[in-house]
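What follows is a single structure, written as structure tokens, with notes after it.
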There are 2 protein chains.
Amino acid sequence: MPELRKDPVIGRWVIIATERARRPGNFIDTFDTTADVGEPKCWFCHNRRKLIVPESPQGIRVVASNGDIFGEKKRFHRVRKGLYEVIDGVGAHEIIIESKEHIANLVELDPALVEDVIKTYAARMKALGEDGRYQYVVAYKNYGPTAGGRRISHTRSHIVATPVMPIKVHEKLEGAQIYYQQHKRCIYCDLIAQEIKDKARVVCESDHYVAIIPFAARFLFEVWVFPKAHHCDFSDGVGGSESDLAELLKTLLRKFQKGLNDAAYNFVVQTAPYPLKSDAPDKWATLKQDYHWHLEITPRLTRLAGFEKGTGFYICAIPPEAMAEYLRGIH
Amino acid sequence: MPELRKDPVIGRWVIIATERARRPGNFIDTFDTTADVGEPKCWFCHNRRKLIVPESPQGIRVVASNGDIFGEKKRFHRVRKGLYEVIDGVGAHEIIIESKEHIANLVELDPALVEDVIKTYAARMKALGEDGRYQYVVAYKNYGPTAGGRRISHTRSHIVATPVMPIKVHEKLEGAQIYYQQHKRCIYCDLIAQEIKDKARVVCESDHYVAIIPFAARFLFEVWVFPKAHHCDFSDGVGGSESDLAELLKTLLRKFQKGLNDAAYNFVVQTAPYPLKSDAPDKWATLKQDYHWHLEITPRLTRLAGFEKGTGFYICAIPPEAMAEYLRGIH
């Protein structure tokens, strides 16, 4: 049974995937960057798993992951082992198969299909929230083998719901809350206003969205996409502007494909946690005012060394303003 | 001039290395895992830079990095740009060339030489603290190309001092402080006692040190080395037990070399920040009681995907207890 374990010092939760435990001698992930298994052997072209919701009119299918890291448990129990805390289960992991065809990159999909992918994210995030056992849900995508996409290059996304709050989400919620307490304004709204006025780090913009290279970028060509309207929650906030976001995403990923040599990338939806079901005081009671959902897209162009891993200090070899200018020029 | 930039939401500082800015088309780090430039062309075999301190009796040399990411500035200025904070300089970066011979892995060095490396860390960390401009210092090592060691495989370490606190160090200090406030004990001392009693995650042990796989390990075969005696600061705390640590380190790295197929690894010294020189109230006033220096060693066996990067949630495919058992069996 896989379990969640908490670091007692910093509170970071880790998934210990005992079920897919490997034997000694089988530790090293090999990333075969050339081979794709091809359509005849593709698990996603020929999915035989039970669909979680009916196939969408566009042909999008949602299935449960094969459960290698997420066990199936009715209830999760917290156990203490001296200093340590453990939860005897992990959560839900669903896979969104975005196309019936064996297409690798979301950028090749029809705009209507990308819009449908976004709607599917929203619907699944909402549905998993109603389950009541989860505190957080994340939607993400790995494109390309170096981004963790492995050998089957069939375009797909992941939805993962967990009974605990991920540490990076906690950091963002806390930072936004402190700013709100001081200024009575959403820090992301202020940031968006400053970026749109400044223009130097804006990559592209639509009616409802803006894509920027962050001022303190960690990775080469890291891009954050913000909705201009304030909303903490992706599944509510994206409603009505899905086609606008789909188009902006396609524009952006096309720039990556053309300008960054079809770089591998990761893509994560940063949204608010689920509301607490208990009567306990809610630490995030003001998140509707102070948090602002967004997307983080990071091409995989550099590897981290000891300095970054040990300190959380990143070195960015190109100024964000130069990166934004370069991407603006790619069409 | 390179600069430090702060993320306004979570407070993470990033080094924007404008001086080694690359041009478009030159983004992708290629990690040539086979080629070593070889002794005749090795910059470290034929160092012509000025030594920062006299060469040690064992032949260890300390030189300044070539300054590509760290400018030379007498004073650092903090500037605000709307929401953002910038420091117009970065800090010090020194390289410790650990051998006169063209040897790749610290594990091949004489025990006396490894002991001397440890003494050099301590001496340089102390000396940089006296500079007065720095808040934190980190000593680290990258072994192997996938760990960021690049093409020159001459054994060396890095010492980096910065005027700001790295976010991961802040997290640890804060976690340890909260525990101390509640229990009036050092959390690391409690953790070490529990691990030594439990034995399941201990990899090896000496008179003064213990090496464990952390309970909530993020990476395959991640190892933490703790001094059994309580001390927050590496450069003071290691005094007198350098040869013991050198031997334990060699034992451990030999296990990596033999049992993990000579895996690339990163190695970071986690120590206390420098004491504040100002009269301002010191947030870390209790760190002598509540913090405990340690080493983190992480082999590079897996790549992170979108889930880990976006959430800080790691998936560890082998139980820590099984990893420790495996390493215990490698001699």
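The chains in the structure tokens are called A, B, ... from first to last as shown; in each chain the residues are counted from 1, and the ligands are counted from 1 in the order shown.
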
Give one line per residue of chain B that approaches chain A to at most 6 Å, naming the two atoms of the closest pair and their distance in Å to one decimal, counting only C-alpha atoms; sort by chain then ascending residue number and deliver it as a tab-separated table.
residue	atom	partner	partner_atom	distance
B:Arg5	CA	A:Ala216	CA	5.3
B:Lys6	CA	A:Ala216	CA	5.9
B:Asp7	CA	A:Ala216	CA	5.4
B:Val9	CA	A:Gly175	CA	4.8
B:Ile10	CA	A:Gly175	CA	5.2
B:Val14	CA	A:Tyr314	CA	5.0
B:Ile15	CA	A:Ile315	CA	4.7
B:Ile16	CA	A:Cys316	CA	5.0
B:Ala17	CA	A:Ala317	CA	4.9
B:Thr18	CA	A:Pro319	CA	5.8
B:Ala21	CA	A:Ile318	CA	4.7
B:Ile28	CA	A:Leu301	CA	5.1
B:Asp29	CA	A:Thr302	CA	5.6
B:Asn142	CA	A:Gly306	CA	5.8
B:Ala147	CA	A:Ala305	CA	5.3
B:Gly148	CA	A:Ala305	CA	4.7
B:Pro166	CA	A:Thr311	CA	5.4
B:Ile167	CA	A:Gly312	CA	5.6
B:Lys168	CA	A:Thr311	CA	5.1
B:Glu171	CA	A:Ile10	CA	5.8
B:Lys172	CA	A:Ile10	CA	5.7
B:Gly175	CA	A:Val9	CA	4.8
B:Ala176	CA	A:Val9	CA	5.9
B:Ala216	CA	A:Arg5	CA	5.3
B:Asn266	CA	A:Gly306	CA	4.8
B:Val268	CA	A:Gly310	CA	5.8
B:Leu301	CA	A:Ile28	CA	5.1
B:Thr302	CA	A:Asp29	CA	5.6
B:Ala305	CA	A:Gly148	CA	4.7
B:Gly306	CA	A:Asn266	CA	4.8
B:Gly310	CA	A:Val268	CA	5.8
B:Thr311	CA	A:Lys168	CA	5.1
B:Gly312	CA	A:Lys168	CA	5.3
B:Phe313	CA	A:Val14	CA	5.6
B:Tyr314	CA	A:Val14	CA	5.0
B:Ile315	CA	A:Ile15	CA	4.7
B:Cys316	CA	A:Ile16	CA	4.9
B:Ala317	CA	A:Ala17	CA	4.9
B:Ile318	CA	A:Ala21	CA	4.7
B:Pro319	CA	A:Thr18	CA	5.8

Just want the 8 Å neighbourhood of Tyr121 in chain B, counted on only C-alpha atoms, with same-chain residues fewer than 3 positions away dropped. Output as an mmCIF file with C-alpha atoms, in the first residue's frame.
data_model
loop_
_atom_site.group_PDB
_atom_site.id
_atom_site.type_symbol
_atom_site.label_atom_id
_atom_site.label_comp_id
_atom_site.auth_asym_id
_atom_site.auth_seq_id
_atom_site.Cartn_x
_atom_site.Cartn_y
_atom_site.Cartn_z
ATOM 1 C CA VAL B 117 38.800 19.151 2.277
ATOM 2 C CA ILE B 118 36.502 19.242 5.305
ATOM 3 C CA ARG B 124 36.564 29.286 4.184
ATOM 4 C CA MET B 125 33.053 29.382 5.677
ATOM 5 C CA ALA B 139 29.488 24.406 0.617
ATOM 6 C CA ILE B 159 31.744 27.670 -1.445
ATOM 7 C CA SER B 235 32.650 25.204 10.845
#

For the structure I just gave you, how does DSSP split range 90-213 of chain B - specifically, which residues are strand (DSSP E or B)? Reply as JSON, numbers by chain. {"B": [92, 93, 94, 95, 96, 97, 136, 137, 138, 139, 140, 141, 142, 143, 156, 157, 158, 159, 160, 161, 162, 202, 203, 204, 205, 209, 210, 211, 212]}

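Take CA of Gly239 in chain A and CA of Val223 in chain A: the distance between them is 22.0 Å.
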
Nearby residues (only C-alpha atoms) at most 8 Å from Val164 in chain B, same-chain spacing under 4 positions excluded, as a PyMOL selection string: chain B and resi 13+134-136

Let me see the file: selected residues, all heavy atoms, as a PDB file, in the first residue's frame.
ATOM      1  N   TRP B  13      14.747  33.937  -3.440  1.00  0.00           N
ATOM      2  CA  TRP B  13      15.719  34.727  -4.189  1.00  0.00           C
ATOM      3  C   TRP B  13      16.293  33.913  -5.339  1.00  0.00           C
ATOM      4  O   TRP B  13      16.553  32.727  -5.207  1.00  0.00           O
ATOM      5  CB  TRP B  13      16.859  35.177  -3.273  1.00  0.00           C
ATOM      6  CG  TRP B  13      16.454  36.234  -2.303  1.00  0.00           C
ATOM      7  CD1 TRP B  13      15.983  36.049  -1.034  1.00  0.00           C
ATOM      8  CD2 TRP B  13      16.474  37.656  -2.519  1.00  0.00           C
ATOM      9  NE1 TRP B  13      15.710  37.266  -0.445  1.00  0.00           N
ATOM     10  CE2 TRP B  13      16.011  38.267  -1.339  1.00  0.00           C
ATOM     11  CE3 TRP B  13      16.837  38.471  -3.592  1.00  0.00           C
ATOM     12  CZ2 TRP B  13      15.901  39.654  -1.197  1.00  0.00           C
ATOM     13  CZ3 TRP B  13      16.727  39.844  -3.458  1.00  0.00           C
ATOM     14  CH2 TRP B  13      16.252  40.423  -2.269  1.00  0.00           C
ATOM     15  N   TYR B 134      27.679  39.052   4.244  1.00  0.00           N
ATOM     16  CA  TYR B 134      26.922  37.864   3.871  1.00  0.00           C
ATOM     17  C   TYR B 134      26.026  37.359   4.996  1.00  0.00           C
ATOM     18  O   TYR B 134      26.366  37.471   6.166  1.00  0.00           O
ATOM     19  CB  TYR B 134      27.874  36.747   3.430  1.00  0.00           C
ATOM     20  CG  TYR B 134      28.788  37.194   2.322  1.00  0.00           C
ATOM     21  CD1 TYR B 134      30.174  37.132   2.463  1.00  0.00           C
ATOM     22  CD2 TYR B 134      28.265  37.709   1.143  1.00  0.00           C
ATOM     23  CE1 TYR B 134      31.005  37.556   1.445  1.00  0.00           C
ATOM     24  CE2 TYR B 134      29.094  38.148   0.122  1.00  0.00           C
ATOM     25  CZ  TYR B 134      30.464  38.069   0.279  1.00  0.00           C
ATOM     26  OH  TYR B 134      31.288  38.494  -0.716  1.00  0.00           O
ATOM     27  N   GLN B 135      24.887  36.809   4.581  1.00  0.00           N
ATOM     28  CA  GLN B 135      23.963  36.245   5.558  1.00  0.00           C
ATOM     29  C   GLN B 135      24.065  34.724   5.603  1.00  0.00           C
ATOM     30  O   GLN B 135      23.778  34.102   6.619  1.00  0.00           O
ATOM     31  CB  GLN B 135      22.532  36.665   5.190  1.00  0.00           C
ATOM     32  CG  GLN B 135      21.583  36.534   6.361  1.00  0.00           C
ATOM     33  CD  GLN B 135      20.190  37.047   6.043  1.00  0.00           C
ATOM     34  OE1 GLN B 135      19.940  37.637   4.994  1.00  0.00           O
ATOM     35  NE2 GLN B 135      19.261  36.810   6.951  1.00  0.00           N
ATOM     36  N   TYR B 136      24.485  34.152   4.469  1.00  0.00           N
ATOM     37  CA  TYR B 136      24.525  32.695   4.431  1.00  0.00           C
ATOM     38  C   TYR B 136      25.691  32.207   3.589  1.00  0.00           C
ATOM     39  O   TYR B 136      26.133  32.884   2.662  1.00  0.00           O
ATOM     40  CB  TYR B 136      23.211  32.116   3.880  1.00  0.00           C
ATOM     41  CG  TYR B 136      23.071  30.654   4.229  1.00  0.00           C
ATOM     42  CD1 TYR B 136      22.847  30.273   5.545  1.00  0.00           C
ATOM     43  CD2 TYR B 136      23.240  29.667   3.279  1.00  0.00           C
ATOM     44  CE1 TYR B 136      22.784  28.939   5.900  1.00  0.00           C
ATOM     45  CE2 TYR B 136      23.171  28.323   3.619  1.00  0.00           C
ATOM     46  CZ  TYR B 136      22.942  27.969   4.940  1.00  0.00           C
ATOM     47  OH  TYR B 136      22.886  26.651   5.288  1.00  0.00           O
TER      48      TYR B 136
END

Surrounding residues of Glu325 in chain B excluding itself and chain neighbours under 5 positions, 8 Å, only C-alpha atoms, as number ranges by chain: B: 200-201, 203

Filtering to N, CA and C atoms, could you give me those residues as a PDB file, in the first residue's frame?
ATOM      1  N   ALA B 200      16.244   0.956  11.184  1.00  0.00           N
ATOM      2  CA  ALA B 200      15.770   0.564   9.851  1.00  0.00           C
ATOM      3  C   ALA B 200      16.289   1.465   8.735  1.00  0.00           C
ATOM      4  N   ARG B 201      16.512   2.731   9.025  1.00  0.00           N
ATOM      5  CA  ARG B 201      16.936   3.661   7.970  1.00  0.00           C
ATOM      6  C   ARG B 201      18.406   4.083   8.097  1.00  0.00           C
ATOM      7  N   VAL B 203      22.200   3.853   7.410  1.00  0.00           N
ATOM      8  CA  VAL B 203      23.060   3.266   6.382  1.00  0.00           C
ATOM      9  C   VAL B 203      24.413   2.898   6.980  1.00  0.00           C
TER      10      VAL B 203
END

Show which residues sit within 7 Å of Ser65 in chain A, as JSON, numbers by chain. Count only C-alpha atoms, and ignore same-chain residues fewer than 2 positions away. {"A": [63, 67, 93, 94, 95]}

Could you give me, as an NGL selection string, the residues within 9 Å of Ala229 in chain A, counting only C-alpha atoms and dropping anything in the same chain fewer than 4 positions from it? :A and (189 or 208-209 or 237 or 292)

Save out the residues we just selected, N, CA and C atoms, as a compact mmCIF listing (two decimals), in the first residue's frame.
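Saved the output as again19.txt:
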# COMPACT_ATOMS: atom_id res chain seq x y z
N CYS A 189 -3.05 40.27 -8.42
CA CYS A 189 -3.69 41.35 -9.18
C CYS A 189 -2.71 42.52 -9.33
N HIS A 208 -8.63 37.97 -21.93
CA HIS A 208 -8.80 37.52 -20.54
C HIS A 208 -7.52 37.05 -19.85
N TYR A 209 -6.44 36.85 -20.61
CA TYR A 209 -5.23 36.25 -20.04
C TYR A 209 -3.97 37.02 -20.42
N GLY A 237 -13.07 29.85 -12.00
CA GLY A 237 -12.56 31.07 -12.64
C GLY A 237 -12.40 31.00 -14.14
N HIS A 292 -5.08 33.77 -6.29
CA HIS A 292 -5.39 34.03 -7.70
C HIS A 292 -4.84 32.84 -8.49

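For the pair CA of Arg75 in chain B and CA of Glu55 in chain B, the separation is 28.6 Å.
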
Rounded to one decimal place, report the CA of Val53 in chain A-CA of Lys119 in chain A distance in Å. 13.0 Å

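You can rank A:Ala324, A:Val114, A:Leu253, A:Met1 by their closest distance to Asp88 in chain A using only C-alpha atoms, and at the top of that list sits A:Met1.
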
Among range 126-288 of chain B, which ones does DSSP assign to alpha helix (DSSP H) (computed from the backbone)? Answer as a ChimeraX atom specification. /B:126-129,167-183,187-198,234-237,242-259,287-288

Export C-alpha atoms of the chosen residues as a short mmCIF file (atom, residue, chain, number, x, y, z; two decimals), in the first residue's frame?
data_model
loop_
_atom_site.label_atom_id
_atom_site.label_comp_id
_atom_site.auth_asym_id
_atom_site.auth_seq_id
_atom_site.Cartn_x
_atom_site.Cartn_y
_atom_site.Cartn_z
CA LYS B 126 34.44 31.08 8.75
CA ALA B 127 36.56 33.53 6.74
CA LEU B 128 33.64 34.57 4.53
CA GLY B 129 31.52 35.17 7.65
CA ILE B 167 14.46 29.72 0.97
CA LYS B 168 15.19 26.06 1.80
CA VAL B 169 17.43 27.04 4.69
CA HIS B 170 14.72 29.37 5.96
CA GLU B 171 12.19 26.51 5.92
CA LYS B 172 14.49 24.31 7.98
CA LEU B 173 15.36 27.01 10.50
CA GLU B 174 11.70 27.86 10.91
CA GLY B 175 10.61 24.24 11.34
CA ALA B 176 13.33 23.62 13.91
CA GLN B 177 12.45 26.81 15.78
CA ILE B 178 8.75 25.94 16.02
CA TYR B 179 9.62 22.48 17.39
CA TYR B 180 12.00 24.00 19.92
CA GLN B 181 9.35 26.45 21.09
CA GLN B 182 6.98 23.55 21.71
CA HIS B 183 9.37 20.97 23.14
CA ILE B 187 14.22 18.39 16.52
CA TYR B 188 17.30 16.96 14.83
CA CYS B 189 18.62 15.55 18.12
CA ASP B 190 15.25 13.84 18.62
CA LEU B 191 15.28 12.58 15.04
CA ILE B 192 18.82 11.17 15.38
CA ALA B 193 17.90 9.40 18.64
CA GLN B 194 14.79 7.88 17.05
CA GLU B 195 16.71 6.74 13.96
CA ILE B 196 19.57 5.16 15.90
CA LYS B 197 17.08 3.31 18.10
CA ASP B 198 14.94 2.21 15.13
CA PHE B 234 29.38 23.31 10.55
CA SER B 235 32.65 25.20 10.85
CA ASP B 236 32.67 25.03 14.64
CA GLY B 237 30.80 21.76 15.03
CA GLU B 242 37.10 15.76 10.73
CA SER B 243 38.88 12.44 10.24
CA ASP B 244 35.84 10.52 11.50
CA LEU B 245 33.60 12.38 9.03
CA ALA B 246 36.10 11.87 6.20
CA GLU B 247 36.04 8.13 6.76
CA LEU B 248 32.26 7.93 6.95
CA LEU B 249 31.95 10.00 3.77
CA LYS B 250 34.34 7.72 1.92
CA THR B 251 32.43 4.63 3.10
CA LEU B 252 29.16 6.16 1.95
CA LEU B 253 30.39 7.37 -1.43
CA ARG B 254 32.01 3.97 -2.02
CA LYS B 255 28.55 2.43 -1.51
CA PHE B 256 27.15 4.82 -4.15
CA GLN B 257 29.99 4.00 -6.53
CA LYS B 258 29.64 0.23 -6.15
CA GLY B 259 25.94 -0.17 -5.47
CA LEU B 287 19.42 28.80 16.56
CA LYS B 288 22.29 27.68 18.76
#

Exercise: Leu276 in chain A partners within 10 Å, only C-alpha atoms, chain neighbours under 4 positions left out, as a CSV table (one decimal) with all heavy atoms, in the first residue's frame:
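Output file selection-v1.csv follows:
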chain,number,residue,atom,x,y,z
A,132,GLY,N,-14.8,14.8,-0.8
A,132,GLY,CA,-14.8,15.1,0.6
A,132,GLY,C,-13.5,14.6,1.3
A,132,GLY,O,-13.2,15.1,2.4
A,133,ARG,N,-12.7,13.8,0.7
A,133,ARG,CA,-11.5,13.3,1.4
A,133,ARG,C,-10.2,14.1,1.0
A,133,ARG,O,-9.2,13.9,1.6
A,133,ARG,CB,-11.2,11.8,0.9
A,133,ARG,CG,-12.2,10.8,1.5
A,133,ARG,CD,-11.9,9.4,1.0
A,133,ARG,NE,-12.0,9.3,-0.4
A,133,ARG,CZ,-11.6,8.3,-1.2
A,133,ARG,NH1,-11.1,7.2,-0.6
A,133,ARG,NH2,-11.8,8.3,-2.5
A,134,TYR,N,-10.4,14.9,0.0
A,134,TYR,CA,-9.2,15.6,-0.5
A,134,TYR,C,-9.0,17.0,-0.1
A,134,TYR,O,-10.0,17.7,0.0
A,134,TYR,CB,-9.1,15.5,-2.0
A,134,TYR,CG,-9.2,14.0,-2.5
A,134,TYR,CD1,-10.3,13.7,-3.4
A,134,TYR,CD2,-8.3,13.1,-2.0
A,134,TYR,CE1,-10.4,12.3,-3.8
A,134,TYR,CE2,-8.5,11.8,-2.4
A,134,TYR,CZ,-9.5,11.4,-3.3
A,134,TYR,OH,-9.6,10.1,-3.7
A,135,GLN,N,-7.8,17.5,0.1
A,135,GLN,CA,-7.6,18.8,0.5
A,135,GLN,C,-7.1,19.6,-0.8
A,135,GLN,O,-7.3,20.8,-0.8
A,135,GLN,CB,-6.5,18.9,1.6
A,135,GLN,CG,-6.5,20.2,2.3
A,135,GLN,CD,-5.6,20.2,3.5
A,135,GLN,OE1,-4.9,19.2,3.9
A,135,GLN,NE2,-5.4,21.4,4.1
A,280,ALA,N,-13.4,23.1,12.0
A,280,ALA,CA,-12.1,23.7,12.5
A,280,ALA,C,-11.9,25.0,11.9
A,280,ALA,O,-12.3,25.3,10.8
A,280,ALA,CB,-11.0,22.7,12.2
A,281,PRO,N,-11.2,25.9,12.6
A,281,PRO,CA,-10.9,27.2,12.0
A,281,PRO,C,-10.1,27.1,10.7
A,281,PRO,O,-9.1,26.3,10.7
A,281,PRO,CB,-10.1,28.0,13.1
A,281,PRO,CG,-9.7,27.0,14.0
A,281,PRO,CD,-10.6,25.8,13.9
A,282,ASP,N,-10.5,27.7,9.6
A,282,ASP,CA,-9.9,27.5,8.4
A,282,ASP,C,-8.7,28.6,8.2
A,282,ASP,O,-9.0,29.7,8.1
A,282,ASP,CB,-10.9,27.7,7.2
A,282,ASP,CG,-10.3,27.3,5.9
A,282,ASP,OD1,-9.1,27.0,5.8
A,282,ASP,OD2,-11.1,27.1,4.9
A,283,LYS,N,-7.5,28.0,8.1
A,283,LYS,CA,-6.3,28.9,7.9
A,283,LYS,C,-6.4,29.8,6.7
A,283,LYS,O,-5.9,30.8,6.6
A,283,LYS,CB,-5.1,28.0,7.9
A,283,LYS,CG,-3.8,28.8,7.8
A,283,LYS,CD,-2.5,28.0,8.1
A,283,LYS,CE,-1.5,29.1,8.1
A,283,LYS,NZ,-0.2,28.8,7.8
A,284,TRP,N,-7.1,29.2,5.7
A,284,TRP,CA,-7.2,29.9,4.4
A,284,TRP,C,-8.6,30.6,4.2
A,284,TRP,O,-9.1,30.6,3.1
A,284,TRP,CB,-6.9,29.0,3.3
A,284,TRP,CG,-5.7,28.2,3.5
A,284,TRP,CD1,-5.6,26.8,3.6
A,284,TRP,CD2,-4.3,28.7,3.7
A,284,TRP,NE1,-4.3,26.4,3.9
A,284,TRP,CE2,-3.5,27.6,3.9
A,284,TRP,CE3,-3.8,30.0,3.6
A,284,TRP,CZ2,-2.1,27.7,4.1
A,284,TRP,CZ3,-2.4,30.1,3.8
A,284,TRP,CH2,-1.6,29.0,4.1
A,285,ALA,N,-9.1,31.1,5.3
A,285,ALA,CA,-10.5,31.7,5.2
A,285,ALA,C,-10.6,32.8,4.2
A,285,ALA,O,-11.6,33.1,3.7
A,285,ALA,CB,-10.9,32.1,6.6
